[in-house]
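The file coords_34.cif contains mmCIF, C-alpha atoms:
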```cif
data_final
#
loop_
_atom_site.group_PDB
_atom_site.id
_atom_site.type_symbol
_atom_site.label_atom_id
_atom_site.label_comp_id
_atom_site.auth_asym_id
_atom_site.auth_seq_id
_atom_site.Cartn_x
_atom_site.Cartn_y
_atom_site.Cartn_z
ATOM 1 C CA MET A 1 43.722 -76.900 -54.804
ATOM 2 C CA ILE A 2 41.762 -78.628 -57.547
ATOM 3 C CA ALA A 3 43.484 -78.474 -60.916
ATOM 4 C CA ARG A 4 41.247 -76.934 -63.526
ATOM 5 C CA PRO A 5 41.866 -76.574 -67.260
ATOM 6 C CA VAL A 6 43.867 -73.473 -68.048
ATOM 7 C CA PRO A 7 41.693 -70.801 -69.699
ATOM 8 C CA VAL A 8 43.847 -70.281 -72.761
ATOM 9 C CA GLY A 9 41.632 -67.846 -74.619
ATOM 10 C CA TYR A 10 41.607 -65.012 -72.108
ATOM 11 C CA GLN A 11 45.007 -63.424 -72.644
ATOM 12 C CA GLY A 12 44.537 -59.751 -73.453
ATOM 13 C CA HIS A 13 40.989 -59.722 -72.074
ATOM 14 C CA TYR A 14 39.947 -57.279 -69.379
ATOM 15 C CA ALA A 15 40.878 -58.722 -66.005
ATOM 16 C CA GLY A 16 38.049 -59.423 -63.599
ATOM 17 C CA SER A 17 37.413 -58.378 -60.036
ATOM 18 C CA VAL A 18 38.753 -61.452 -58.241
ATOM 19 C CA SER A 19 42.154 -61.427 -59.954
ATOM 20 C CA ARG A 20 42.531 -57.728 -59.293
ATOM 21 C CA PHE A 21 41.446 -57.992 -55.660
ATOM 22 C CA VAL A 22 43.826 -60.869 -54.918
ATOM 23 C CA ALA A 23 46.658 -58.988 -56.630
ATOM 24 C CA PHE A 24 45.914 -55.919 -54.515
ATOM 25 C CA VAL A 25 45.872 -57.937 -51.293
ATOM 26 C CA ILE A 26 49.256 -59.426 -52.173
ATOM 27 C CA ASP A 27 50.618 -55.966 -52.981
ATOM 28 C CA LEU A 28 49.299 -54.540 -49.751
ATOM 29 C CA ALA A 29 50.887 -57.371 -47.757
ATOM 30 C CA VAL A 30 54.206 -57.058 -49.576
ATOM 31 C CA SER A 31 54.411 -53.277 -49.419
ATOM 32 C CA SER A 32 53.348 -53.183 -45.744
ATOM 33 C CA GLY A 33 55.848 -55.907 -44.927
ATOM 34 C CA VAL A 34 58.670 -54.084 -46.645
ATOM 35 C CA PHE A 35 57.656 -50.838 -44.925
ATOM 36 C CA SER A 36 57.656 -52.525 -41.517
ATOM 37 C CA LEU A 37 61.041 -54.081 -42.224
ATOM 38 C CA ALA A 38 62.383 -50.676 -43.234
ATOM 39 C CA LEU A 39 61.110 -49.112 -40.003
ATOM 40 C CA ALA A 40 62.639 -51.954 -37.997
ATOM 41 C CA ALA A 41 65.938 -51.505 -39.834
ATOM 42 C CA ILE A 42 65.914 -47.766 -39.095
ATOM 43 C CA SER A 43 65.141 -48.422 -35.434
ATOM 44 C CA TYR A 44 67.999 -50.910 -35.255
ATOM 45 C CA GLY A 45 70.380 -48.466 -36.962
ATOM 46 C CA VAL A 46 69.410 -45.644 -34.612
ATOM 47 C CA HIS A 47 69.855 -47.960 -31.629
ATOM 48 C CA VAL A 48 73.300 -49.062 -32.786
ATOM 49 C CA VAL A 49 74.492 -45.514 -33.528
ATOM 50 C CA THR A 50 72.929 -43.539 -30.677
ATOM 51 C CA GLY A 51 72.125 -46.184 -28.114
ATOM 52 C CA HIS A 52 68.538 -44.950 -27.927
ATOM 53 C CA SER A 53 65.666 -47.181 -28.895
ATOM 54 C CA VAL A 54 63.069 -45.794 -31.279
ATOM 55 C CA SER A 55 59.561 -47.149 -31.410
ATOM 56 C CA TRP A 56 57.259 -46.374 -34.322
ATOM 57 C CA ASN A 57 53.595 -45.785 -33.764
ATOM 58 C CA ARG A 58 51.581 -46.314 -36.944
ATOM 59 C CA SER A 59 49.089 -43.662 -35.897
ATOM 60 C CA THR A 60 51.632 -40.866 -35.734
ATOM 61 C CA PRO A 61 51.410 -38.392 -38.651
ATOM 62 C CA LEU A 62 55.044 -38.897 -39.632
ATOM 63 C CA VAL A 63 54.711 -42.640 -40.041
ATOM 64 C CA ALA A 64 51.373 -42.217 -41.805
ATOM 65 C CA VAL A 65 52.881 -39.751 -44.273
ATOM 66 C CA LEU A 66 55.890 -41.995 -44.826
ATOM 67 C CA PHE A 67 53.577 -44.938 -45.419
ATOM 68 C CA VAL A 68 51.506 -43.031 -47.976
ATOM 69 C CA LEU A 69 54.658 -41.869 -49.765
ATOM 70 C CA TRP A 70 56.018 -45.399 -49.766
ATOM 71 C CA GLU A 71 52.782 -46.809 -51.169
ATOM 72 C CA PHE A 72 52.780 -44.155 -53.887
ATOM 73 C CA PHE A 73 56.351 -45.102 -54.773
ATOM 74 C CA TYR A 74 55.615 -48.838 -54.689
ATOM 75 C CA PHE A 75 52.575 -48.680 -56.968
ATOM 76 C CA GLY A 76 53.620 -45.676 -59.056
ATOM 77 C CA TYR A 77 57.094 -46.978 -59.839
ATOM 78 C CA SER A 78 55.790 -50.462 -60.654
ATOM 79 C CA TRP A 79 53.054 -49.217 -62.980
ATOM 80 C CA ALA A 80 55.256 -46.611 -64.622
ATOM 81 C CA VAL A 81 58.168 -48.962 -65.285
ATOM 82 C CA SER A 82 56.540 -52.292 -66.109
ATOM 83 C CA GLY A 83 52.775 -51.830 -65.881
ATOM 84 C CA ARG A 84 52.536 -54.390 -63.109
ATOM 85 C CA THR A 85 53.192 -54.683 -59.406
ATOM 86 C CA PHE A 86 54.440 -57.792 -57.656
ATOM 87 C CA GLY A 87 50.918 -58.930 -56.895
ATOM 88 C CA MET A 88 49.757 -58.259 -60.442
ATOM 89 C CA ALA A 89 52.709 -60.230 -61.796
ATOM 90 C CA ALA A 90 51.761 -63.123 -59.531
ATOM 91 C CA LEU A 91 48.183 -63.088 -60.816
ATOM 92 C CA GLY A 92 49.305 -62.545 -64.406
ATOM 93 C CA ILE A 93 47.585 -59.218 -64.977
ATOM 94 C CA ARG A 94 48.947 -55.943 -66.292
ATOM 95 C CA VAL A 95 48.027 -52.284 -66.573
ATOM 96 C CA VAL A 96 47.755 -51.114 -70.186
ATOM 97 C CA GLY A 97 46.502 -47.998 -71.923
ATOM 98 C CA ALA A 98 42.754 -47.790 -72.470
ATOM 99 C CA ASP A 99 43.299 -48.965 -76.051
ATOM 100 C CA GLY A 100 45.527 -51.858 -74.979
ATOM 101 C CA SER A 101 48.841 -50.169 -75.748
ATOM 102 C CA VAL A 102 51.802 -50.310 -73.382
ATOM 103 C CA VAL A 103 51.115 -47.946 -70.516
ATOM 104 C CA GLU A 104 53.208 -44.776 -70.543
ATOM 105 C CA PRO A 105 55.163 -43.935 -67.360
ATOM 106 C CA ARG A 106 53.155 -40.724 -66.961
ATOM 107 C CA ARG A 107 49.893 -42.669 -66.942
ATOM 108 C CA GLY A 108 51.311 -45.102 -64.419
ATOM 109 C CA LEU A 109 52.169 -42.252 -62.062
ATOM 110 C CA VAL A 110 48.782 -40.570 -62.562
ATOM 111 C CA ARG A 111 47.087 -43.881 -61.817
ATOM 112 C CA ALA A 112 49.030 -44.179 -58.554
ATOM 113 C CA ALA A 113 48.228 -40.569 -57.640
ATOM 114 C CA VAL A 114 44.449 -40.944 -58.131
ATOM 115 C CA PHE A 115 44.307 -44.488 -56.794
ATOM 116 C CA PRO A 116 43.338 -43.288 -53.246
ATOM 117 C CA LEU A 117 40.286 -41.566 -54.737
ATOM 118 C CA SER A 118 38.678 -44.948 -55.282
ATOM 119 C CA PHE A 119 39.048 -45.570 -51.524
ATOM 120 C CA LEU A 120 38.051 -42.103 -50.403
ATOM 121 C CA LEU A 121 34.665 -42.343 -52.122
ATOM 122 C CA CYS A 122 33.697 -45.139 -49.738
ATOM 123 C CA GLY A 123 35.171 -47.643 -52.122
ATOM 124 C CA LEU A 124 32.679 -46.731 -54.822
ATOM 125 C CA GLY A 125 35.537 -46.050 -57.181
ATOM 126 C CA PHE A 126 36.173 -49.776 -57.339
ATOM 127 C CA LEU A 127 32.597 -50.515 -58.338
ATOM 128 C CA GLY A 128 33.569 -49.897 -61.931
ATOM 129 C CA ILE A 129 35.615 -53.104 -61.893
ATOM 130 C CA LEU A 130 32.367 -54.991 -61.368
ATOM 131 C CA VAL A 131 29.832 -53.061 -63.398
ATOM 132 C CA GLN A 132 31.746 -51.025 -65.983
ATOM 133 C CA ARG A 133 31.774 -52.717 -69.383
ATOM 134 C CA GLU A 134 35.558 -52.638 -69.566
ATOM 135 C CA HIS A 135 36.057 -53.429 -65.880
ATOM 136 C CA ARG A 136 37.720 -50.067 -65.318
ATOM 137 C CA ALA A 137 37.758 -48.519 -61.865
ATOM 138 C CA LEU A 138 37.593 -44.789 -61.212
ATOM 139 C CA HIS A 139 41.395 -44.452 -61.184
ATOM 140 C CA ASP A 140 41.516 -46.330 -64.515
ATOM 141 C CA LEU A 141 39.027 -43.947 -66.088
ATOM 142 C CA ILE A 142 40.930 -40.894 -64.844
ATOM 143 C CA ALA A 143 44.367 -42.191 -65.850
ATOM 144 C CA GLY A 144 43.170 -43.662 -69.159
ATOM 145 C CA THR A 145 44.218 -47.183 -68.296
ATOM 146 C CA ALA A 146 42.774 -50.671 -68.122
ATOM 147 C CA VAL A 147 43.881 -53.973 -66.619
ATOM 148 C CA VAL A 148 44.173 -57.109 -68.745
ATOM 149 C CA TYR A 149 45.247 -60.727 -68.362
ATOM 150 C CA ALA A 150 48.844 -60.974 -69.526
ATOM 151 C CA TRP A 151 50.107 -64.370 -68.456
ATOM 152 C CA ASP A 152 51.367 -66.981 -70.878
ATOM 153 C CA ALA A 153 48.312 -69.207 -70.801
ATOM 154 C CA ARG A 154 49.554 -71.300 -73.738
ATOM 155 C CA ALA A 155 52.631 -72.471 -71.833
ATOM 156 C CA ALA A 156 50.503 -72.972 -68.741
ATOM 157 C CA ARG A 157 48.104 -75.099 -70.747
ATOM 158 C CA LEU A 158 50.940 -77.273 -72.028
ATOM 159 C CA ARG A 159 52.217 -77.669 -68.476
ATOM 160 C CA PHE A 160 48.696 -78.601 -67.400
ATOM 161 C CA LEU A 161 48.376 -81.192 -70.162
ATOM 162 C CA ALA A 162 51.830 -82.550 -69.399
ATOM 163 C CA ARG A 163 50.857 -83.173 -65.808
ATOM 164 C CA GLN A 164 47.798 -85.207 -66.800
ATOM 165 C CA MET B 165 62.883 -131.222 -154.295
ATOM 166 C CA THR B 166 63.815 -127.617 -154.278
ATOM 167 C CA ASP B 167 64.802 -125.989 -157.472
ATOM 168 C CA PRO B 168 68.581 -125.342 -157.344
ATOM 169 C CA ALA B 169 68.049 -122.085 -159.159
ATOM 170 C CA GLU B 170 65.648 -120.914 -156.459
ATOM 171 C CA VAL B 171 68.131 -121.829 -153.740
ATOM 172 C CA LEU B 172 70.786 -119.901 -155.518
ATOM 173 C CA ALA B 173 68.485 -116.920 -155.919
ATOM 174 C CA GLN B 174 67.766 -116.913 -152.177
ATOM 175 C CA GLN B 175 71.433 -117.123 -151.310
ATOM 176 C CA VAL B 176 72.240 -114.276 -153.676
ATOM 177 C CA THR B 177 69.411 -112.171 -152.235
ATOM 178 C CA GLU B 178 70.517 -112.763 -148.635
ATOM 179 C CA ARG B 179 74.078 -111.905 -149.549
ATOM 180 C CA VAL B 180 73.018 -108.714 -151.244
ATOM 181 C CA LEU B 181 70.871 -107.738 -148.286
ATOM 182 C CA ASP B 182 73.801 -108.394 -145.918
ATOM 183 C CA LEU B 183 76.017 -106.191 -148.007
ATOM 184 C CA VAL B 184 73.429 -103.410 -148.194
ATOM 185 C CA VAL B 185 72.653 -103.481 -144.475
ATOM 186 C CA SER B 186 76.299 -103.537 -143.510
ATOM 187 C CA ALA B 187 76.917 -100.626 -145.818
ATOM 188 C CA LEU B 188 74.088 -98.596 -144.295
ATOM 189 C CA ASP B 189 74.880 -96.023 -141.609
ATOM 190 C CA VAL B 190 71.925 -96.669 -139.317
ATOM 191 C CA ASN B 191 72.533 -93.510 -137.286
ATOM 192 C CA GLU B 192 72.548 -91.440 -140.453
ATOM 193 C CA LEU B 193 69.356 -93.111 -141.540
ATOM 194 C CA ALA B 194 67.681 -92.499 -138.183
ATOM 195 C CA ALA B 195 68.722 -88.863 -138.304
ATOM 196 C CA ARG B 196 66.924 -88.469 -141.613
ATOM 197 C CA ILE B 197 63.668 -89.861 -140.311
ATOM 198 C CA ASP B 198 61.115 -87.234 -139.406
ATOM 199 C CA LEU B 199 59.994 -88.672 -136.065
ATOM 200 C CA ASN B 200 57.317 -86.053 -135.636
ATOM 201 C CA PHE B 201 55.751 -87.144 -138.874
ATOM 202 C CA VAL B 202 55.948 -90.764 -137.824
ATOM 203 C CA LEU B 203 54.459 -90.077 -134.414
ATOM 204 C CA THR B 204 51.557 -88.117 -135.843
ATOM 205 C CA ASN B 205 50.513 -91.293 -137.589
ATOM 206 C CA VAL B 206 50.745 -93.369 -134.434
ATOM 207 C CA ASP B 207 47.610 -93.822 -132.363
ATOM 208 C CA LEU B 208 49.214 -93.602 -128.929
ATOM 209 C CA ASN B 209 45.969 -94.308 -127.139
ATOM 210 C CA ALA B 210 45.509 -97.537 -129.012
ATOM 211 C CA LEU B 211 49.143 -98.389 -128.362
ATOM 212 C CA LEU B 212 48.928 -97.655 -124.640
ATOM 213 C CA SER B 213 45.655 -99.521 -124.284
ATOM 214 C CA ARG B 214 47.513 -102.642 -125.283
ATOM 215 C CA VAL B 215 50.235 -102.135 -122.680
ATOM 216 C CA ASP B 216 49.813 -103.882 -119.350
ATOM 217 C CA VAL B 217 51.132 -101.093 -117.140
ATOM 218 C CA ASN B 218 50.847 -103.122 -113.972
ATOM 219 C CA ALA B 219 52.934 -105.896 -115.414
ATOM 220 C CA PHE B 220 55.434 -103.302 -116.596
ATOM 221 C CA LEU B 221 55.648 -101.586 -113.221
ATOM 222 C CA ALA B 222 55.945 -104.923 -111.460
ATOM 223 C CA ARG B 223 59.208 -105.430 -113.293
ATOM 224 C CA VAL B 224 60.579 -102.016 -112.336
ATOM 225 C CA ASP B 225 62.894 -101.844 -109.353
ATOM 226 C CA VAL B 226 61.713 -98.499 -107.985
ATOM 227 C CA ASN B 227 64.314 -98.429 -105.237
ATOM 228 C CA ALA B 228 67.119 -98.897 -107.710
ATOM 229 C CA PHE B 229 65.580 -96.234 -109.921
ATOM 230 C CA LEU B 230 65.255 -93.736 -107.086
ATOM 231 C CA ALA B 231 68.770 -94.502 -105.913
ATOM 232 C CA ARG B 232 70.012 -93.199 -109.255
ATOM 233 C CA VAL B 233 68.060 -89.961 -108.970
ATOM 234 C CA ASP B 234 70.043 -86.956 -107.770
ATOM 235 C CA VAL B 235 67.426 -85.282 -105.619
ATOM 236 C CA LYS B 236 69.503 -82.242 -104.680
ATOM 237 C CA PRO B 237 69.368 -80.384 -108.022
ATOM 238 C CA LEU B 238 65.694 -81.257 -108.168
ATOM 239 C CA LEU B 239 65.072 -79.678 -104.789
ATOM 240 C CA ASP B 240 67.234 -76.678 -105.686
ATOM 241 C CA GLN B 241 64.658 -75.797 -108.307
ATOM 242 C CA VAL B 242 61.829 -75.814 -105.769
ATOM 243 C CA ASP B 243 60.979 -72.404 -104.302
ATOM 244 C CA VAL B 244 60.230 -73.481 -100.739
ATOM 245 C CA ASN B 245 59.067 -70.010 -99.712
ATOM 246 C CA GLU B 246 56.585 -69.958 -102.569
ATOM 247 C CA LEU B 247 55.449 -73.443 -101.602
ATOM 248 C CA ILE B 248 55.000 -72.524 -97.923
ATOM 249 C CA SER B 249 53.146 -69.329 -98.825
ATOM 250 C CA HIS B 250 50.408 -71.552 -100.229
ATOM 251 C CA VAL B 251 50.127 -73.507 -96.990
ATOM 252 C CA ASP B 252 47.522 -72.340 -94.470
ATOM 253 C CA VAL B 253 49.554 -72.904 -91.319
ATOM 254 C CA ASN B 254 46.667 -71.952 -89.047
ATOM 255 C CA GLU B 255 44.508 -74.575 -90.706
ATOM 256 C CA LEU B 256 47.319 -77.080 -90.326
ATOM 257 C CA VAL B 257 47.889 -76.323 -86.650
ATOM 258 C CA ALA B 258 44.150 -76.379 -85.970
ATOM 259 C CA GLN B 259 44.140 -80.007 -87.042
ATOM 260 C CA VAL B 260 46.781 -80.934 -84.481
ATOM 261 C CA ASP B 261 45.345 -82.564 -81.396
ATOM 262 C CA VAL B 262 47.655 -81.058 -78.796
ATOM 263 C CA ASN B 263 46.257 -83.233 -76.024
ATOM 264 C CA GLU B 264 46.977 -86.369 -78.033
ATOM 265 C CA LEU B 265 50.390 -85.088 -79.066
ATOM 266 C CA VAL B 266 51.474 -84.346 -75.519
ATOM 267 C CA SER B 267 50.115 -87.640 -74.198
ATOM 268 C CA ARG B 268 51.872 -89.722 -76.858
ATOM 269 C CA THR B 269 55.286 -88.100 -76.698
ATOM 270 C CA ASP B 270 57.862 -87.056 -74.154
ATOM 271 C CA LEU B 271 57.014 -83.467 -74.983
ATOM 272 C CA GLY B 272 55.051 -83.202 -71.766
ATOM 273 C CA ALA B 273 57.995 -84.252 -69.630
ATOM 274 C CA ALA B 274 60.231 -81.836 -71.533
ATOM 275 C CA ILE B 275 57.810 -78.978 -70.956
ATOM 276 C CA VAL B 276 57.487 -79.734 -67.280
ATOM 277 C CA SER B 277 61.230 -80.091 -66.777
ATOM 278 C CA SER B 278 62.088 -76.954 -68.759
ATOM 279 C CA THR B 279 59.419 -74.524 -67.641
ATOM 280 C CA GLY B 280 57.619 -75.978 -64.724
ATOM 281 C CA GLY B 281 58.563 -76.170 -61.142
ATOM 282 C CA MET B 282 56.391 -76.219 -58.089
ATOM 283 C CA GLY B 283 56.224 -72.434 -58.265
ATOM 284 C CA ALA B 284 55.035 -72.352 -61.863
ATOM 285 C CA GLU B 285 52.509 -75.067 -61.136
ATOM 286 C CA ALA B 286 51.132 -73.182 -58.139
ATOM 287 C CA LEU B 287 50.965 -69.920 -60.107
ATOM 288 C CA ASP B 288 49.137 -71.636 -62.970
ATOM 289 C CA ALA B 289 46.634 -73.040 -60.494
ATOM 290 C CA VAL B 290 46.073 -69.727 -58.694
ATOM 291 C CA ARG B 291 45.700 -67.819 -61.956
ATOM 292 C CA SER B 292 43.345 -70.378 -63.426
ATOM 293 C CA GLN B 293 41.191 -70.331 -60.291
ATOM 294 C CA ALA B 294 41.163 -66.533 -60.290
ATOM 295 C CA VAL B 295 40.138 -66.344 -63.957
ATOM 296 C CA GLY B 296 37.391 -68.871 -63.317
ATOM 297 C CA LEU B 297 36.060 -66.836 -60.393
ATOM 298 C CA ASP B 298 36.342 -63.648 -62.476
ATOM 299 C CA GLN B 299 34.130 -65.199 -65.111
ATOM 300 C CA PHE B 300 31.702 -66.494 -62.508
ATOM 301 C CA VAL B 301 31.327 -63.077 -60.865
ATOM 302 C CA ASP B 302 31.092 -61.334 -64.212
ATOM 303 C CA ARG B 303 28.321 -63.628 -65.429
ATOM 304 C CA TRP B 304 26.241 -62.895 -62.339
ATOM 305 C CA VAL B 305 26.806 -59.151 -62.589
ATOM 306 C CA GLN B 306 25.756 -59.195 -66.248
ATOM 307 C CA ARG B 307 22.601 -61.097 -65.301
ATOM 308 C CA LEU B 308 21.772 -58.682 -62.488
ATOM 309 C CA LEU B 309 22.308 -55.704 -64.769
ATOM 310 C CA ARG B 310 20.298 -57.461 -67.494
ATOM 311 C CA ARG B 311 22.735 -56.544 -70.191
ATOM 312 C CA ARG B 312 21.742 -57.939 -73.540
ATOM 313 C CA HIS B 313 24.786 -56.961 -75.536
ATOM 314 C CA PRO B 314 28.140 -58.439 -74.491
ATOM 315 C CA ALA B 315 30.889 -56.001 -73.602
ATOM 316 C CA PRO B 316 34.095 -55.922 -75.666
ATOM 317 C CA PRO B 317 36.333 -58.666 -74.267
ATOM 318 C CA ALA B 318 39.587 -56.757 -74.682
ATOM 319 C CA PRO B 319 41.009 -53.346 -75.582
ATOM 320 C CA SER B 320 41.028 -52.688 -79.316
ATOM 321 C CA ALA B 321 44.807 -53.043 -79.700
ATOM 322 C CA LEU B 322 44.739 -56.488 -78.096
ATOM 323 C CA LEU B 323 41.744 -57.884 -79.948
ATOM 324 C CA PRO B 324 43.630 -59.473 -82.883
ATOM 325 C CA ALA B 325 46.070 -61.198 -80.514
ATOM 326 C CA GLN B 326 43.469 -62.567 -78.172
ATOM 327 C CA ALA B 327 42.107 -65.159 -80.593
ATOM 328 C CA GLU B 328 44.564 -67.834 -79.451
ATOM 329 C CA PRO B 329 47.101 -66.673 -76.895
#
```
Here is a file; write its structure as structure tokens.
Amino acid sequence: MIARPVPVGYQGHYAGSVSRFVAFVIDLAVSSGVFSLALAAISYGVHVVTGHSVSWNRSTPLVAVLFVLWEFFYFGYSWAVSGRTFGMAALGIRVVGADGSVVEPRRGLVRAAVFPLSFLLCGLGFLGILVQREHRALHDLIAGTAVVYAWDARAARLRFLARQ
Amino acid sequence: MTDPAEVLAQQVTERVLDLVVSALDVNELAARIDLNFVLTNVDLNALLSRVDVNAFLARVDVNAFLARVDVKPLLDQVDVNELISHVDVNELVAQVDVNELVSRTDLGAAIVSSTGGMGAEALDAVRSQAVGLDQFVDRWVQRLLRRRHPAPPAPSALLPAQAEP
């Protein structure tokens, strides 16, 4: 990857679509991976205890419901506690209140609850990230949140200069 | 030939003067002199114009002079907080060329060794690339939407802090 100068002046600015999309992809991969590992662990436990093997079909309602609940916990807990998921932490972005204040746990949970709405409307809910002036998606507008850059760009810049 | 009487008169006069001077208490005499009155009649400018200051300073051993100065009580009288309050630190820092500073010192190596590993380096790169692409996409969207007025860059509570993160 080509090293480019660190954009120091963007901390606190509204995060753009690419950062948010990459963070979401990472979160989806991590949460799905953990979910699959959990299912495998349960299957192994059942096999050890009962001697019967259990196979999970992703299309069964039970697994689908468990997956939705798990995703709600993964995103809701992360946003409520720290304002960022694993993927968002990796990309250096954070959920804040619409005015930039630290996001309240209630808002984090509401954001996770209405997050599927942005998908259910044929993905149109995410269009706000591109065209809305504050880059807020539908679930941001409902929950009263926004996403900003929160990584320590100053330290990153010094590291960048030190490597030159 | 000198008149013997004149010689005698001179000797007597010198003797008398010696006696008078030795009898005088010079300190007492100096104490009675009104120095302010004397100094008002002195043209200091004219006096100083005749002094060769350079020649005077050339004879002064400044190091020896400074060695005799007790700096500590002098510094005790300085209100450092008051002094610093007059300094515009932002202006001062703005004049520092960070690139030059890092390149000329071991600060860079210290920063890398203390905060940077391969992970930090990779994260910096990914984040920088992502921010660059964010800006690229945003510029095109703004052009397509033909927005004339720029949107607020950050939420209101974060605006003061975003000047120089």
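We find CA of Val260 in chain B and CA of Asp152 in chain A to be spaced 20.0 Å apart.
Going from CA of Arg106 in chain A over to CA of Ala80 in chain A, you cover 6.7 Å.
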Step by step, gather every atom of range 46-49 of chain A that the file lists, find the box along x, y and z that holds them, add 3 Å on each side, and finally give centre and edge lengths in Å to one decimal, as JSON.
```
{"center_x": 72.0, "center_y": -47.3, "center_z": -33.1, "size_x": 11.1, "size_y": 9.5, "size_z": 9.0}
```
**Fill in**
Correct to one decimal, the distance CA of Asp27 in chain A-CA of Phe115 in chain A is 13.6 Å
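Residues matching the PyMOL selection byres ((chain A and resi 145) around 9) in this structure come to A:Val95, A:Val96, A:Gly97, A:Ala98, A:Asp99, A:Gly100, A:Val103, A:Arg107, A:Gly108, A:Arg111, A:Arg136, A:His139, A:Asp140, A:Leu141, A:Ile142, A:Ala143, A:Gly144, A:Ala146, A:Val147.
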**Prompt:** Selected by the PyMOL selection byres ((chain A and resi 23) around 10) in the shown coordinates: which residues, as JSON, numbers by chain?
**Reply:** {"A": [17, 18, 19, 20, 21, 22, 24, 25, 26, 27, 28, 29, 84, 85, 86, 87, 88, 89, 90, 91, 92, 93]}
**Prompt:** Could you name the residues that touch Arg58 in chain A at 12 Å or less, counting all atoms listed in the file, but leaving out those on the same chain fewer than 2 positions away, as a PyMOL selection string?
**Reply:** chain A and resi 32+35-36+39+55-56+60-68
Once you have the residues from the selection above, write them out as a PDB file, in the frame of the given file, restricted to C-alpha atoms.
```
ATOM      1  CA  SER A  32      53.348 -53.183 -45.744  1.00  0.00           C
ATOM      2  CA  PHE A  35      57.656 -50.838 -44.925  1.00  0.00           C
ATOM      3  CA  SER A  36      57.656 -52.525 -41.517  1.00  0.00           C
ATOM      4  CA  LEU A  39      61.110 -49.112 -40.003  1.00  0.00           C
ATOM      5  CA  SER A  55      59.561 -47.149 -31.410  1.00  0.00           C
ATOM      6  CA  TRP A  56      57.259 -46.374 -34.322  1.00  0.00           C
ATOM      7  CA  THR A  60      51.632 -40.866 -35.734  1.00  0.00           C
ATOM      8  CA  PRO A  61      51.410 -38.392 -38.651  1.00  0.00           C
ATOM      9  CA  LEU A  62      55.044 -38.897 -39.632  1.00  0.00           C
ATOM     10  CA  VAL A  63      54.711 -42.640 -40.041  1.00  0.00           C
ATOM     11  CA  ALA A  64      51.373 -42.217 -41.805  1.00  0.00           C
ATOM     12  CA  VAL A  65      52.881 -39.751 -44.273  1.00  0.00           C
ATOM     13  CA  LEU A  66      55.890 -41.995 -44.826  1.00  0.00           C
ATOM     14  CA  PHE A  67      53.577 -44.938 -45.419  1.00  0.00           C
ATOM     15  CA  VAL A  68      51.506 -43.031 -47.976  1.00  0.00           C
TER      16      VAL A  68
END
```
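Nearest to chain A of all the residues B:Glu192, B:Asp234, B:Glu255, B:Asp302 is B:Asp302, counting all atoms listed in the file.
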**Item:** Expansion of the PyMOL selection byres ((chain A and resi 116) around 12) into residues, as a ChimeraX atom specification
**Value:** /A:68-69,71-72,75,110-115,117-126,137-140
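Counting all atoms listed in the file and comparing B:Leu183, B:Asp298, B:Arg303, B:Arg312, the residue that lies closest to chain A is B:Asp298.
Distance check against chain A using all atoms listed in the file: of B:Ala194, B:Val257, B:Ala289, B:Val215, the minimum falls on B:Ala289.
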Just need range 303-321 of chain B in a file, please: C-alpha atoms, as an mmCIF file, in the first residue's frame.
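Everything below was put into out-v8.cif:
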```cif
data_model
loop_
_atom_site.group_PDB
_atom_site.id
_atom_site.type_symbol
_atom_site.label_atom_id
_atom_site.label_comp_id
_atom_site.auth_asym_id
_atom_site.auth_seq_id
_atom_site.Cartn_x
_atom_site.Cartn_y
_atom_site.Cartn_z
ATOM 1 C CA ARG B 303 -16.178 15.858 -3.612
ATOM 2 C CA TRP B 304 -17.858 14.050 -6.498
ATOM 3 C CA VAL B 305 -21.186 13.819 -4.691
ATOM 4 C CA GLN B 306 -21.073 17.544 -3.918
ATOM 5 C CA ARG B 307 -20.368 18.266 -7.586
ATOM 6 C CA LEU B 308 -23.213 16.038 -8.758
ATOM 7 C CA LEU B 309 -25.607 17.655 -6.306
ATOM 8 C CA ARG B 310 -24.280 21.087 -7.312
ATOM 9 C CA ARG B 311 -24.089 22.297 -3.768
ATOM 10 C CA ARG B 312 -22.717 25.791 -3.530
ATOM 11 C CA HIS B 313 -22.471 26.097 0.218
ATOM 12 C CA PRO B 314 -20.142 23.692 2.043
ATOM 13 C CA ALA B 315 -21.679 21.508 4.716
ATOM 14 C CA PRO B 316 -20.526 21.844 8.336
ATOM 15 C CA PRO B 317 -17.390 19.709 8.660
ATOM 16 C CA ALA B 318 -18.130 18.471 12.171
ATOM 17 C CA PRO B 319 -20.805 18.434 14.874
ATOM 18 C CA SER B 320 -21.012 21.695 16.798
ATOM 19 C CA ALA B 321 -19.455 20.302 19.988
#
```
